[in-house]
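Quick look at query-v1.cif (mmCIF, C-alpha atoms):
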```cif
data_data
#
loop_
_atom_site.label_atom_id
_atom_site.label_comp_id
_atom_site.auth_asym_id
_atom_site.auth_seq_id
_atom_site.Cartn_x
_atom_site.Cartn_y
_atom_site.Cartn_z
CA MET A 1 41.34 8.11 -13.12
CA ALA A 2 38.06 6.70 -11.81
CA ALA A 3 39.00 3.18 -12.97
CA LEU A 4 42.41 3.49 -11.32
CA TYR A 5 40.89 4.73 -8.07
CA ALA A 6 38.44 1.80 -8.06
CA VAL A 7 41.46 -0.52 -7.76
CA VAL A 8 42.99 1.63 -5.01
CA PHE A 9 39.65 1.75 -3.17
CA ALA A 10 39.27 -2.03 -3.37
CA LEU A 11 42.73 -2.61 -1.90
CA THR A 12 42.39 -0.02 0.90
CA ILE A 13 39.02 1.20 2.18
CA MET A 14 37.16 -1.91 0.97
CA SER A 15 39.58 -4.45 2.42
CA SER A 16 42.79 -3.82 4.36
CA LEU A 17 42.40 -0.40 6.01
CA PRO A 18 39.34 -1.30 8.15
CA TRP A 19 41.36 -4.17 9.62
CA LEU A 20 44.39 -2.00 10.32
CA TRP A 21 42.65 1.18 11.47
CA LEU A 22 39.49 -0.04 13.18
CA MET A 23 39.30 -3.76 13.90
CA SER A 24 42.82 -3.74 15.37
CA ILE A 25 41.60 -1.43 18.17
CA ASP A 26 39.76 -4.46 19.60
CA ALA A 27 42.98 -6.45 19.50
CA HIS A 28 41.58 -9.87 20.48
CA TRP A 29 38.37 -9.64 18.46
CA PHE A 30 37.90 -10.33 14.76
CA SER A 31 35.15 -10.60 12.19
CA THR A 32 35.39 -11.97 8.67
CA MET A 33 32.58 -9.59 7.63
CA TYR A 34 34.16 -6.43 9.02
CA SER A 35 35.43 -4.95 5.77
CA TRP A 36 32.12 -5.62 4.03
CA TYR A 37 30.36 -3.90 6.91
CA THR A 38 32.56 -0.79 6.83
CA PHE A 39 32.38 -0.70 3.02
CA ALA A 40 28.57 -0.68 3.09
CA SER A 41 28.60 2.15 5.62
CA THR A 42 31.09 4.14 3.54
CA PHE A 43 29.29 3.49 0.26
CA VAL A 44 25.79 4.51 1.36
CA SER A 45 27.27 7.65 2.95
CA GLY A 46 29.00 8.42 -0.35
CA ILE A 47 25.71 8.10 -2.24
CA ALA A 48 24.12 10.47 0.27
CA VAL A 49 26.90 13.02 -0.30
CA ILE A 50 26.47 12.73 -4.09
CA LEU A 51 22.74 13.32 -3.75
CA LEU A 52 23.30 16.43 -1.61
CA PHE A 53 25.66 17.90 -4.22
CA VAL A 54 23.25 17.06 -7.07
CA VAL A 55 20.30 18.68 -5.28
CA PHE A 56 22.36 21.75 -4.41
CA LEU A 57 23.64 22.18 -7.96
CA LYS A 58 20.17 21.58 -9.40
CA ASN A 59 18.65 24.22 -7.12
CA ASN A 60 21.31 26.68 -8.34
CA ASN A 61 20.53 25.98 -12.03
CA MET A 62 23.89 24.31 -12.63
CA LEU A 63 22.51 20.90 -13.66
CA PRO A 64 19.58 21.71 -15.97
CA ALA A 65 19.37 18.17 -17.36
CA VAL A 66 18.82 16.64 -13.92
CA ASN A 67 15.19 15.91 -13.05
CA LYS A 68 13.16 13.82 -10.61
CA GLU A 69 14.04 10.65 -12.48
CA HIS A 70 17.72 11.03 -11.54
CA ILE A 71 16.84 11.96 -7.95
CA HIS A 72 14.60 8.90 -7.84
CA ASP A 73 17.53 6.67 -8.82
CA LEU A 74 19.78 8.15 -6.14
CA GLY A 75 16.98 7.66 -3.61
CA LYS A 76 16.72 4.01 -4.65
CA PHE A 77 20.47 3.60 -4.15
CA MET A 78 20.24 5.05 -0.64
CA PHE A 79 17.29 2.80 0.13
CA ALA A 80 18.96 -0.34 -1.25
CA PHE A 81 22.34 0.14 0.39
CA SER A 82 20.73 0.99 3.72
CA ILE A 83 19.14 -2.46 3.54
CA PHE A 84 22.47 -3.97 2.47
CA TRP A 85 24.23 -2.35 5.44
CA THR A 86 21.55 -3.68 7.79
CA TYR A 87 21.90 -7.15 6.30
CA LEU A 88 25.64 -7.12 7.06
CA TRP A 89 25.05 -5.65 10.52
CA PHE A 90 22.54 -8.37 11.37
CA SER A 91 24.66 -11.15 9.89
CA GLN A 92 27.66 -10.15 11.99
CA PHE A 93 25.57 -9.64 15.13
CA MET A 94 23.55 -12.83 14.73
CA LEU A 95 26.55 -15.10 14.14
CA ILE A 96 28.39 -13.75 17.18
CA TRP A 97 25.27 -13.88 19.38
CA TYR A 98 24.48 -17.42 18.23
CA SER A 99 27.99 -18.77 18.89
CA ASN A 100 28.11 -17.04 22.29
CA GLN A 101 31.90 -17.24 22.58
CA PRO A 102 33.42 -14.77 25.06
CA GLU A 103 36.28 -13.70 22.75
CA GLU A 104 33.65 -12.66 20.18
CA THR A 105 30.79 -11.37 22.30
CA ILE A 106 33.09 -8.92 24.12
CA TYR A 107 32.79 -6.63 21.11
CA PHE A 108 29.05 -6.19 21.60
CA ALA A 109 29.26 -6.34 25.39
CA ASN A 110 31.32 -3.14 25.27
CA ARG A 111 28.71 -1.48 23.07
CA ILE A 112 25.29 -2.67 24.22
CA GLY A 113 26.14 -4.12 27.61
CA SER A 114 25.83 -7.62 29.04
CA PRO A 115 23.48 -9.32 31.54
CA THR A 116 25.84 -8.38 34.36
CA GLU A 117 27.10 -4.96 33.27
CA SER A 118 25.65 -2.02 31.37
CA SER A 119 27.44 0.02 28.73
CA PRO A 120 27.51 3.83 28.42
CA TYR A 121 27.34 3.36 24.63
CA ALA A 122 24.11 1.33 24.52
CA PHE A 123 21.88 4.32 23.80
CA LEU A 124 24.10 5.57 20.97
CA TYR A 125 24.34 2.07 19.54
CA TRP A 126 20.61 1.51 19.22
CA ILE A 127 19.99 5.08 18.06
CA MET A 128 22.61 4.48 15.34
CA LEU A 129 20.74 1.36 14.21
CA ILE A 130 17.39 3.16 14.14
CA ILE A 131 18.82 6.08 12.13
CA ASN A 132 20.62 3.88 9.61
CA PHE A 133 17.95 1.23 9.12
CA VAL A 134 14.49 2.19 10.36
CA GLY A 135 14.66 5.81 9.16
CA PRO A 136 15.64 5.20 5.50
CA ILE A 137 13.35 2.16 5.20
CA LEU A 138 10.22 3.93 6.47
CA ILE A 139 10.85 7.28 4.77
CA LEU A 140 12.07 6.03 1.38
CA MET A 141 9.63 3.14 1.05
CA SER A 142 7.27 4.94 -1.34
CA ARG A 143 8.05 6.07 -4.88
CA ASP A 144 6.92 9.64 -4.24
CA SER A 145 9.26 10.13 -1.29
CA LYS A 146 12.27 9.18 -3.42
CA ARG A 147 11.28 11.88 -5.93
CA ASN A 148 10.82 14.64 -3.37
CA TYR A 149 13.88 16.90 -3.13
CA THR A 150 13.23 17.88 0.50
CA ILE A 151 12.68 14.34 1.72
CA VAL A 152 15.73 12.81 0.00
CA THR A 153 17.89 15.69 1.26
CA PHE A 154 16.71 15.08 4.82
CA VAL A 155 17.33 11.32 4.53
CA ALA A 156 20.80 11.93 3.04
CA LEU A 157 21.74 14.12 6.02
CA LEU A 158 20.26 11.50 8.36
CA ILE A 159 22.31 8.73 6.76
CA ILE A 160 25.57 10.70 6.92
CA PHE A 161 25.06 11.48 10.60
CA GLY A 162 23.94 7.93 11.37
CA HIS A 163 26.98 6.35 9.78
CA TRP A 164 29.24 8.84 11.51
CA LEU A 165 27.74 7.45 14.73
CA ASP A 166 28.40 3.95 13.39
CA PHE A 167 32.13 4.65 13.01
CA TYR A 168 32.15 6.46 16.36
CA GLN A 169 30.87 3.32 18.12
CA MET A 170 33.42 1.20 16.25
CA VAL A 171 36.25 3.13 17.90
CA PHE A 172 35.46 4.52 21.32
CA PRO A 173 33.94 1.54 23.20
CA ALA A 174 37.34 -0.16 22.79
CA VAL A 175 39.33 2.97 23.65
CA SER A 176 37.18 4.11 26.58
CA PRO A 177 34.83 1.25 27.54
CA ASN A 178 33.68 2.64 30.89
CA LYS A 179 33.12 6.30 30.02
CA LEU A 180 31.53 8.07 27.09
CA PRO A 181 34.03 10.65 25.74
CA ALA A 182 33.05 14.21 24.94
CA ILE A 183 31.33 13.60 21.61
CA LEU A 184 31.27 17.30 20.69
CA TYR A 185 35.04 17.32 20.10
CA ASP A 186 34.75 14.48 17.62
CA MET A 187 31.76 16.12 15.94
CA GLY A 188 33.93 19.22 15.51
CA ILE A 189 36.58 17.14 13.74
CA ALA A 190 33.87 15.63 11.51
CA MET A 191 32.58 19.11 10.63
CA PHE A 192 36.12 20.18 9.72
CA PHE A 193 36.33 17.40 7.15
CA VAL A 194 32.82 18.20 5.89
CA GLY A 195 33.97 21.77 5.31
CA LEU A 196 37.13 20.54 3.61
CA ILE A 197 35.11 18.33 1.24
CA LEU A 198 32.74 21.20 0.43
CA PHE A 199 35.66 23.53 -0.27
CA ILE A 200 37.64 21.14 -2.49
CA VAL A 201 34.66 19.77 -4.43
CA GLY A 202 33.09 23.22 -4.83
CA ARG A 203 36.34 24.70 -6.12
CA THR A 204 36.84 21.79 -8.52
CA LEU A 205 33.28 22.00 -9.87
CA SER A 206 33.77 25.69 -10.60
CA LYS A 207 36.68 24.94 -12.94
CA TYR A 208 35.05 22.41 -15.28
CA PRO A 209 31.77 22.09 -17.21
CA LEU A 210 29.26 19.92 -15.37
CA THR A 211 27.69 18.51 -18.54
CA VAL A 212 29.96 16.18 -20.47
CA LYS A 213 29.91 16.84 -24.21
CA ASN A 214 30.09 14.08 -26.85
CA HIS A 215 29.53 11.36 -24.27
CA PRO A 216 27.98 8.28 -25.94
CA PHE A 217 25.30 7.99 -23.23
CA ALA A 218 24.61 11.71 -22.74
CA LYS A 219 21.26 11.60 -24.58
CA GLU A 220 20.12 8.50 -22.67
CA SER A 221 20.90 10.28 -19.42
CA VAL A 222 18.87 13.35 -20.37
CA ILE A 223 15.79 11.36 -21.41
CA HIS A 224 16.23 8.88 -18.55
CA HIS A 225 12.95 7.56 -17.17
CA THR A 226 12.29 5.22 -14.23
#
```

Structure rendered as structure tokens:
Amino acid sequence: MAALYAVVFALTIMSSLPWLWLMSIDAHWFSTMYSWYTFASTFVSGIAVILLFVVFLKNNNMLPAVNKEHIHDLGKFMFAFSIFWTYLWFSQFMLIWYSNQPEETIYFANRIGSPTESSPYAFLYWIMLIINFVGPILILMSRDSKRNYTIVTFVALLIIFGHWLDFYQMVFPAVSPNKLPAILYDMGIAMFFVGLILFIVGRTLSKYPLTVKNHPFAKESVIHHT
């Protein structure tokens, strides 16, 4: 099922759906890096969610084989893909800024403002960048921080919120360019889906054993060392 979903994911979330659902909102703007950018945001958020579930289950004695080595690996994934997301963000921003073509720069003018007009989204935009890049880089730079349950949990929550802000600024500057909408309503919708994920995943985990038996790499996973 995982292999089948990888194909579905590649043909939807990783490629076509960002064009249809998000980039099409800015009807006259386009970016050849857009799907890579949204994929990186989605992927690092997914790693953060996985880490939160692993830490929660470990703290409730449901994953006895998990140790700091596994948490360290998940921390490295969050660190690496935060850098990857920033690389794509900068590449898209730099190319559009360098070309300075009005049909392209309008995207960022609506979000961070222009020399002649400010944007109500500028503060959120730069805060989003700080949360998604500066925060993970500075906090997860050291080896010890990636092995600390409290720190990686905090960074995971920070990344999820930061990339929610990322998708928020993808949508609303095109829908309402002159006025910042009531963000609390949209945060409520986000919390609904967070609750839905917790309910479905929690119920599913309660039905099946969390340690796979007779897996060819089960022993290597238990004695894993980084």

#### Entry: For range 153-163 of chain A: contacts at 7 Å, all atoms listed in the file, fewer than 6 positions along chain excluded, given as a list in words
Ser41, Ser45, Ala48, Leu52, Met128, Ile131, Asn132 and Pro136 of chain A

### Message
Under the PyMOL selection byres ((chain A and resi 4-20) around 10), which residues of this model are included? Write them out as a PyMOL selection string.
### Response
chain A and resi 1-3+21-25+30-32+34-40+42-43

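Among the candidates A:Ser206, A:Ser82, A:Ser176, A:Gln92, the one nearest to Leu57 in chain A when counting only C-alpha atoms is A:Ser206.
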
### Task
Identify all residues satisfying the PyMOL selection byres ((chain A and resi 226) around 10) in the given file; provide them as a PyMOL selection string.
chain A and resi 68-70+72-73+224-225

### Task
Could you check which of A:Thr105, A:Ser99, A:Ser91, A:Asn59 is closest to His28 in chain A, using only C-alpha atoms?
A:Thr105

Residue by residue, what does the PyMOL selection byres ((chain A and resi 107) around 9) grab here? Present the result as an mmCIF file with C-alpha atoms, keeping the file's coordinate frame.
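Once everything was written out, this is expr.cif:
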```cif
data_model
loop_
_atom_site.group_PDB
_atom_site.id
_atom_site.type_symbol
_atom_site.label_atom_id
_atom_site.label_comp_id
_atom_site.auth_asym_id
_atom_site.auth_seq_id
_atom_site.Cartn_x
_atom_site.Cartn_y
_atom_site.Cartn_z
ATOM 1 C CA ASP A 26 39.760 -4.460 19.600
ATOM 2 C CA TRP A 29 38.370 -9.640 18.460
ATOM 3 C CA PHE A 30 37.900 -10.330 14.760
ATOM 4 C CA GLU A 103 36.280 -13.700 22.750
ATOM 5 C CA GLU A 104 33.650 -12.660 20.180
ATOM 6 C CA THR A 105 30.790 -11.370 22.300
ATOM 7 C CA ILE A 106 33.090 -8.920 24.120
ATOM 8 C CA PHE A 108 29.050 -6.190 21.600
ATOM 9 C CA ALA A 109 29.260 -6.340 25.390
ATOM 10 C CA ASN A 110 31.320 -3.140 25.270
ATOM 11 C CA ARG A 111 28.710 -1.480 23.070
ATOM 12 C CA PRO A 173 33.940 1.540 23.200
ATOM 13 C CA ALA A 174 37.340 -0.160 22.790
#
```

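Here CA of Ile137 in chain A is placed at a distance of 14.3 Å from CA of Leu74 in chain A.
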
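Omitting Phe172 in chain A and its sequence neighbours fewer than 5 positions away, and counting only C-alpha atoms, the residues within 8 Å are Pro177, Leu180 and Pro181 of chain A.
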
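CA of Ile197 in chain A is found 27.0 Å from CA of His215 in chain A.
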
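Checking A:Arg147, A:Ile71, A:Leu184, A:Met141 one by one against Lys58 in chain A, counting all atoms listed in the file, you find the shortest gap at A:Ile71.
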
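Going from CA of Arg203 in chain A over to CA of Asn148 in chain A, you cover 27.6 Å.
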
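Remark: for Trp164 in chain A, the closest of the candidate residues A:Gly46, A:Gly202, A:Gly135, A:Pro216 is A:Gly46 (distances computed over all atoms listed in the file).
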